[in-house]
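J.: Sharing target-v5.cif here; it has mmCIF, C-alpha atoms.
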```cif
data_structure
#
loop_
_atom_site.label_atom_id
_atom_site.label_comp_id
_atom_site.auth_asym_id
_atom_site.auth_seq_id
_atom_site.Cartn_x
_atom_site.Cartn_y
_atom_site.Cartn_z
CA MET A 530 -21.41 2.54 -25.63
CA THR A 531 -21.09 2.40 -21.86
CA THR A 532 -23.61 0.99 -19.42
CA LYS A 533 -23.37 1.60 -15.71
CA LEU A 534 -24.96 -0.73 -13.18
CA ARG A 535 -25.49 -0.52 -9.44
CA VAL A 536 -24.48 -3.86 -7.94
CA GLU A 537 -25.40 -4.75 -4.37
CA GLY A 538 -24.14 -7.65 -2.30
CA MET A 539 -20.48 -7.80 -3.23
CA THR A 540 -18.32 -8.27 -0.14
CA CYS A 541 -14.84 -9.17 -1.37
CA GLY A 542 -12.50 -9.44 -4.29
CA HIS A 543 -13.83 -12.86 -5.20
CA CYS A 544 -17.26 -11.28 -5.66
CA VAL A 545 -15.73 -8.64 -7.92
CA GLY A 546 -14.15 -11.38 -10.00
CA ALA A 547 -17.38 -13.33 -10.26
CA VAL A 548 -19.37 -10.28 -11.36
CA THR A 549 -16.68 -9.22 -13.82
CA ARG A 550 -16.54 -12.65 -15.45
CA ALA A 551 -20.34 -12.87 -15.59
CA LEU A 552 -20.56 -9.51 -17.36
CA GLU A 553 -17.77 -10.39 -19.76
CA ARG A 554 -19.68 -13.48 -20.87
CA VAL A 555 -22.67 -11.39 -22.03
CA ARG A 556 -22.92 -10.96 -25.79
CA GLY A 557 -21.61 -7.58 -26.91
CA VAL A 558 -19.51 -6.84 -23.84
CA GLU A 559 -16.01 -5.63 -24.63
CA ARG A 560 -14.90 -4.80 -21.13
CA ALA A 561 -16.34 -4.78 -17.63
CA THR A 562 -14.87 -2.83 -14.73
CA VAL A 563 -16.32 -3.58 -11.33
CA SER A 564 -15.81 -1.58 -8.13
CA LEU A 565 -16.39 -3.20 -4.76
CA GLU A 566 -16.16 0.13 -2.91
CA GLN A 567 -18.62 1.91 -5.19
CA GLY A 568 -20.91 -1.08 -5.72
CA GLU A 569 -20.82 -0.36 -9.40
CA ALA A 570 -20.01 -1.93 -12.75
CA VAL A 571 -19.09 -0.04 -15.89
CA VAL A 572 -19.56 -2.08 -19.03
CA GLU A 573 -18.24 -1.14 -22.44
CA GLY A 574 -19.78 -2.58 -25.58
CA ALA A 575 -23.19 -2.86 -27.22
CA ALA A 576 -24.82 -5.17 -24.69
CA ASP A 577 -28.48 -5.33 -23.71
CA PRO A 578 -28.76 -3.76 -20.23
CA ALA A 579 -31.39 -6.32 -19.22
CA ALA A 580 -28.96 -9.12 -20.10
CA LEU A 581 -26.27 -7.45 -17.98
CA VAL A 582 -28.62 -7.21 -15.01
CA ALA A 583 -29.66 -10.83 -15.45
CA ALA A 584 -26.04 -12.02 -15.62
CA VAL A 585 -25.18 -10.29 -12.36
CA GLU A 586 -28.32 -11.52 -10.63
CA ASP A 587 -27.61 -15.08 -11.75
CA GLU A 588 -24.40 -14.83 -9.70
CA GLY A 589 -26.45 -14.00 -6.61
CA TYR A 590 -26.14 -10.20 -6.50
CA ARG A 591 -28.71 -7.47 -6.99
CA ALA A 592 -28.25 -5.21 -9.99
CA ARG A 593 -30.00 -2.36 -11.74
CA PRO A 594 -29.05 0.20 -14.37
CA ALA A 595 -27.45 3.20 -12.65
CA MET B 230 -6.46 -37.00 12.45
CA THR B 231 -8.49 -33.81 12.52
CA THR B 232 -7.18 -30.26 12.76
CA LYS B 233 -9.43 -27.33 13.53
CA LEU B 234 -8.53 -23.79 12.52
CA ARG B 235 -10.03 -20.43 13.31
CA VAL B 236 -10.25 -18.47 10.06
CA GLU B 237 -10.93 -14.73 10.07
CA GLY B 238 -11.80 -12.52 7.12
CA MET B 239 -14.15 -14.71 5.11
CA THR B 240 -17.17 -12.72 3.95
CA CYS B 241 -18.93 -14.87 1.36
CA GLY B 242 -19.22 -18.21 -0.32
CA HIS B 243 -16.38 -17.40 -2.69
CA CYS B 244 -14.11 -16.97 0.32
CA VAL B 245 -15.22 -20.35 1.64
CA GLY B 246 -14.37 -21.90 -1.72
CA ALA B 247 -10.97 -20.26 -1.85
CA VAL B 248 -10.07 -21.41 1.67
CA THR B 249 -11.37 -24.91 1.04
CA ARG B 250 -9.35 -25.29 -2.15
CA ALA B 251 -6.22 -23.88 -0.49
CA LEU B 252 -6.48 -26.37 2.35
CA GLU B 253 -7.15 -29.28 0.00
CA ARG B 254 -3.92 -28.52 -1.84
CA VAL B 255 -1.82 -29.03 1.34
CA ARG B 256 0.04 -32.33 1.48
CA GLY B 257 -1.75 -34.86 3.65
CA VAL B 258 -5.17 -33.25 3.55
CA GLU B 259 -7.97 -35.67 2.82
CA ARG B 260 -10.89 -33.32 3.31
CA ALA B 261 -11.48 -29.74 4.37
CA THR B 262 -14.81 -28.42 5.60
CA VAL B 263 -15.05 -24.66 5.98
CA SER B 264 -17.80 -22.72 7.76
CA LEU B 265 -18.37 -19.06 6.98
CA GLU B 266 -20.76 -18.60 9.91
CA GLN B 267 -18.41 -20.18 12.44
CA GLY B 268 -15.20 -18.81 10.94
CA GLU B 269 -13.75 -22.25 11.17
CA ALA B 270 -12.12 -24.97 9.10
CA VAL B 271 -12.04 -28.63 9.98
CA VAL B 272 -9.33 -30.54 8.15
CA GLU B 273 -9.06 -34.29 8.00
CA GLY B 274 -5.77 -35.99 7.22
CA ALA B 275 -2.19 -36.00 8.48
CA ALA B 276 -1.27 -32.44 7.52
CA ASP B 277 1.17 -30.11 9.27
CA PRO B 278 -0.92 -27.50 11.10
CA ALA B 279 1.62 -24.79 10.25
CA ALA B 280 1.25 -25.62 6.56
CA LEU B 281 -2.53 -25.35 6.87
CA VAL B 282 -2.25 -21.94 8.52
CA ALA B 283 0.19 -20.78 5.84
CA ALA B 284 -2.09 -21.97 3.03
CA VAL B 285 -5.03 -20.01 4.41
CA GLU B 286 -2.96 -16.90 5.04
CA ASP B 287 -1.58 -17.04 1.49
CA GLU B 288 -5.18 -16.59 0.34
CA GLY B 289 -5.43 -13.38 2.36
CA TYR B 290 -7.21 -14.60 5.51
CA ARG B 291 -6.04 -14.86 9.10
CA ALA B 292 -5.78 -18.34 10.55
CA ARG B 293 -4.67 -20.07 13.73
CA PRO B 294 -5.12 -23.52 15.23
CA ALA B 295 -8.38 -23.60 17.21
#
```
Represent the supplied structure as structure tokens.

T.:
Amino acid sequence: MTTKLRVEGMTCGHCVGAVTRALERVRGVERATVSLEQGEAVVEGAADPAALVAAVEDEGYRARPA
Amino acid sequence: MTTKLRVEGMTCGHCVGAVTRALERVRGVERATVSLEQGEAVVEGAADPAALVAAVEDEGYRARPA
């Protein structure tokens, strides 16, 4: 299962790292791939999309299912 | 002794953290205070200014004594 999120507010590679780590901590996530240029995260695994959004927003970014 | 640096390329709080930690690892540094808004670092301690510049540039930012 793959979930795609729009992520707004990332400005640099540190932001990408923070969002990636936050997503990878969510239960069910197997892998998270985050693109700064596309403002997007692709998450593999059986995770609750609402939990993914919440994890990204807790890091200070805006997120929504894409 | 206080050294002031101009730092270019920081875009977010993660950048500020990375620059701060890099400066604090330089021999002689007692404290580093980094401003995103001002693009500036103020370093306290008897550190070699060239080593401070190098530490910041190793993190991927541009730096020069202010």

J.: Could you please select, counting all atoms listed in the file, the residues of chain B within 12 Å of chain A and state them as a ChimeraX atom specification?

T.: /B:238-248,288-290

J.: Would you superpose chain A on chain B, least squares on all C-alpha atoms in order, and hand back the fitted chain as an mmCIF file with C-alpha atoms, in the frame of the given file?

T.:
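Okay, part-v4.cif is ready:
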```cif
data_model
loop_
_atom_site.group_PDB
_atom_site.id
_atom_site.type_symbol
_atom_site.label_atom_id
_atom_site.label_comp_id
_atom_site.auth_asym_id
_atom_site.auth_seq_id
_atom_site.Cartn_x
_atom_site.Cartn_y
_atom_site.Cartn_z
ATOM 1 C CA MET A 530 -6.456 -36.993 12.447
ATOM 2 C CA THR A 531 -8.499 -33.807 12.521
ATOM 3 C CA THR A 532 -7.182 -30.271 12.763
ATOM 4 C CA LYS A 533 -9.425 -27.341 13.520
ATOM 5 C CA LEU A 534 -8.520 -23.801 12.517
ATOM 6 C CA ARG A 535 -10.022 -20.420 13.308
ATOM 7 C CA VAL A 536 -10.248 -18.467 10.059
ATOM 8 C CA GLU A 537 -10.935 -14.737 10.072
ATOM 9 C CA GLY A 538 -11.807 -12.524 7.134
ATOM 10 C CA MET A 539 -14.148 -14.706 5.123
ATOM 11 C CA THR A 540 -17.165 -12.720 3.946
ATOM 12 C CA CYS A 541 -18.928 -14.856 1.345
ATOM 13 C CA GLY A 542 -19.217 -18.211 -0.309
ATOM 14 C CA HIS A 543 -16.404 -17.412 -2.705
ATOM 15 C CA CYS A 544 -14.117 -16.972 0.302
ATOM 16 C CA VAL A 545 -15.228 -20.352 1.629
ATOM 17 C CA GLY A 546 -14.376 -21.910 -1.714
ATOM 18 C CA ALA A 547 -10.971 -20.270 -1.845
ATOM 19 C CA VAL A 548 -10.064 -21.405 1.671
ATOM 20 C CA THR A 549 -11.368 -24.914 1.041
ATOM 21 C CA ARG A 550 -9.346 -25.306 -2.153
ATOM 22 C CA ALA A 551 -6.227 -23.882 -0.494
ATOM 23 C CA LEU A 552 -6.493 -26.383 2.361
ATOM 24 C CA GLU A 553 -7.151 -29.271 0.006
ATOM 25 C CA ARG A 554 -3.916 -28.523 -1.839
ATOM 26 C CA VAL A 555 -1.827 -29.020 1.330
ATOM 27 C CA ARG A 556 0.045 -32.316 1.473
ATOM 28 C CA GLY A 557 -1.741 -34.854 3.656
ATOM 29 C CA VAL A 558 -5.172 -33.242 3.554
ATOM 30 C CA GLU A 559 -7.985 -35.666 2.813
ATOM 31 C CA ARG A 560 -10.890 -33.324 3.316
ATOM 32 C CA ALA A 561 -11.490 -29.738 4.366
ATOM 33 C CA THR A 562 -14.816 -28.407 5.606
ATOM 34 C CA VAL A 563 -15.061 -24.663 5.984
ATOM 35 C CA SER A 564 -17.805 -22.715 7.767
ATOM 36 C CA LEU A 565 -18.375 -19.062 6.962
ATOM 37 C CA GLU A 566 -20.756 -18.591 9.908
ATOM 38 C CA GLN A 567 -18.410 -20.168 12.443
ATOM 39 C CA GLY A 568 -15.202 -18.801 10.925
ATOM 40 C CA GLU A 569 -13.747 -22.250 11.161
ATOM 41 C CA ALA A 570 -12.127 -24.976 9.090
ATOM 42 C CA VAL A 571 -12.039 -28.647 9.984
ATOM 43 C CA VAL A 572 -9.340 -30.546 8.153
ATOM 44 C CA GLU A 573 -9.063 -34.308 8.002
ATOM 45 C CA GLY A 574 -5.763 -35.979 7.216
ATOM 46 C CA ALA A 575 -2.190 -35.988 8.492
ATOM 47 C CA ALA A 576 -1.261 -32.438 7.525
ATOM 48 C CA ASP A 577 1.176 -30.117 9.272
ATOM 49 C CA PRO A 578 -0.922 -27.484 11.095
ATOM 50 C CA ALA A 579 1.629 -24.785 10.260
ATOM 51 C CA ALA A 580 1.253 -25.615 6.560
ATOM 52 C CA LEU A 581 -2.534 -25.346 6.887
ATOM 53 C CA VAL A 582 -2.250 -21.935 8.524
ATOM 54 C CA ALA A 583 0.183 -20.778 5.856
ATOM 55 C CA ALA A 584 -2.096 -21.959 3.034
ATOM 56 C CA VAL A 585 -5.037 -20.010 4.417
ATOM 57 C CA GLU A 586 -2.958 -16.906 5.051
ATOM 58 C CA ASP A 587 -1.579 -17.037 1.514
ATOM 59 C CA GLU A 588 -5.186 -16.586 0.348
ATOM 60 C CA GLY A 589 -5.424 -13.372 2.361
ATOM 61 C CA TYR A 590 -7.196 -14.588 5.513
ATOM 62 C CA ARG A 591 -6.011 -14.869 9.092
ATOM 63 C CA ALA A 592 -5.777 -18.355 10.545
ATOM 64 C CA ARG A 593 -4.661 -20.084 13.709
ATOM 65 C CA PRO A 594 -5.107 -23.534 15.216
ATOM 66 C CA ALA A 595 -8.364 -23.605 17.193
#
```

J.: Just so the selection is clear, what residues does the PyMOL selection byres ((chain A and resi 550) around 12) cover here, as a PDB file with C-alpha atoms, in the coordinates of the input?

T.:
```pdb
ATOM      1  CA  HIS A 543     -13.830 -12.860  -5.200  1.00  0.00           C
ATOM      2  CA  CYS A 544     -17.260 -11.280  -5.660  1.00  0.00           C
ATOM      3  CA  VAL A 545     -15.730  -8.640  -7.920  1.00  0.00           C
ATOM      4  CA  GLY A 546     -14.150 -11.380 -10.000  1.00  0.00           C
ATOM      5  CA  ALA A 547     -17.380 -13.330 -10.260  1.00  0.00           C
ATOM      6  CA  VAL A 548     -19.370 -10.280 -11.360  1.00  0.00           C
ATOM      7  CA  THR A 549     -16.680  -9.220 -13.820  1.00  0.00           C
ATOM      8  CA  ALA A 551     -20.340 -12.870 -15.590  1.00  0.00           C
ATOM      9  CA  LEU A 552     -20.560  -9.510 -17.360  1.00  0.00           C
ATOM     10  CA  GLU A 553     -17.770 -10.390 -19.760  1.00  0.00           C
ATOM     11  CA  ARG A 554     -19.680 -13.480 -20.870  1.00  0.00           C
ATOM     12  CA  VAL A 555     -22.670 -11.390 -22.030  1.00  0.00           C
ATOM     13  CA  VAL A 558     -19.510  -6.840 -23.840  1.00  0.00           C
ATOM     14  CA  GLU A 559     -16.010  -5.630 -24.630  1.00  0.00           C
ATOM     15  CA  ARG A 560     -14.900  -4.800 -21.130  1.00  0.00           C
ATOM     16  CA  ALA A 561     -16.340  -4.780 -17.630  1.00  0.00           C
ATOM     17  CA  THR A 562     -14.870  -2.830 -14.730  1.00  0.00           C
ATOM     18  CA  VAL A 563     -16.320  -3.580 -11.330  1.00  0.00           C
ATOM     19  CA  ALA A 570     -20.010  -1.930 -12.750  1.00  0.00           C
ATOM     20  CA  VAL A 572     -19.560  -2.080 -19.030  1.00  0.00           C
ATOM     21  CA  LEU A 581     -26.270  -7.450 -17.980  1.00  0.00           C
ATOM     22  CA  ALA A 584     -26.040 -12.020 -15.620  1.00  0.00           C
ATOM     23  CA  VAL A 585     -25.180 -10.290 -12.360  1.00  0.00           C
ATOM     24  CA  ASP A 587     -27.610 -15.080 -11.750  1.00  0.00           C
ATOM     25  CA  GLU A 588     -24.400 -14.830  -9.700  1.00  0.00           C
TER      26      GLU A 588
END
```

J.: Determine the nearest neighbour of A:Gly574 from the options A:Thr532, A:Glu586, A:Glu537, A:Arg591, counting all atoms listed in the file.

T.: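 Smallest distance to A:Gly574 is found for A:Thr532.
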
J.: Would you kindly translate the PyMOL selection byres ((chain B and resi 295) around 10) into the concrete residues it picks from this file, as a PyMOL selection string?

T.: chain B and resi 232-236+269-271+292-294

J.: In Å, how far is it from atom CA of A:Met530 to atom CA of A:Glu566?

T.: 23.4 Å

J.: In Å to one decimal, how far is atom CA of A:Ala579 from atom CA of A:Leu565?

T.: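 Value for the atom CA of A:Leu565-atom CA of A:Ala579 distance: 21.1 Å.
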
J.: Please compute the atom CA of A:Gly568-atom CA of B:Ser264 distance, one decimal, in Å.

T.: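 Going from atom CA of A:Gly568 over to atom CA of B:Ser264, I get 25.7 Å.
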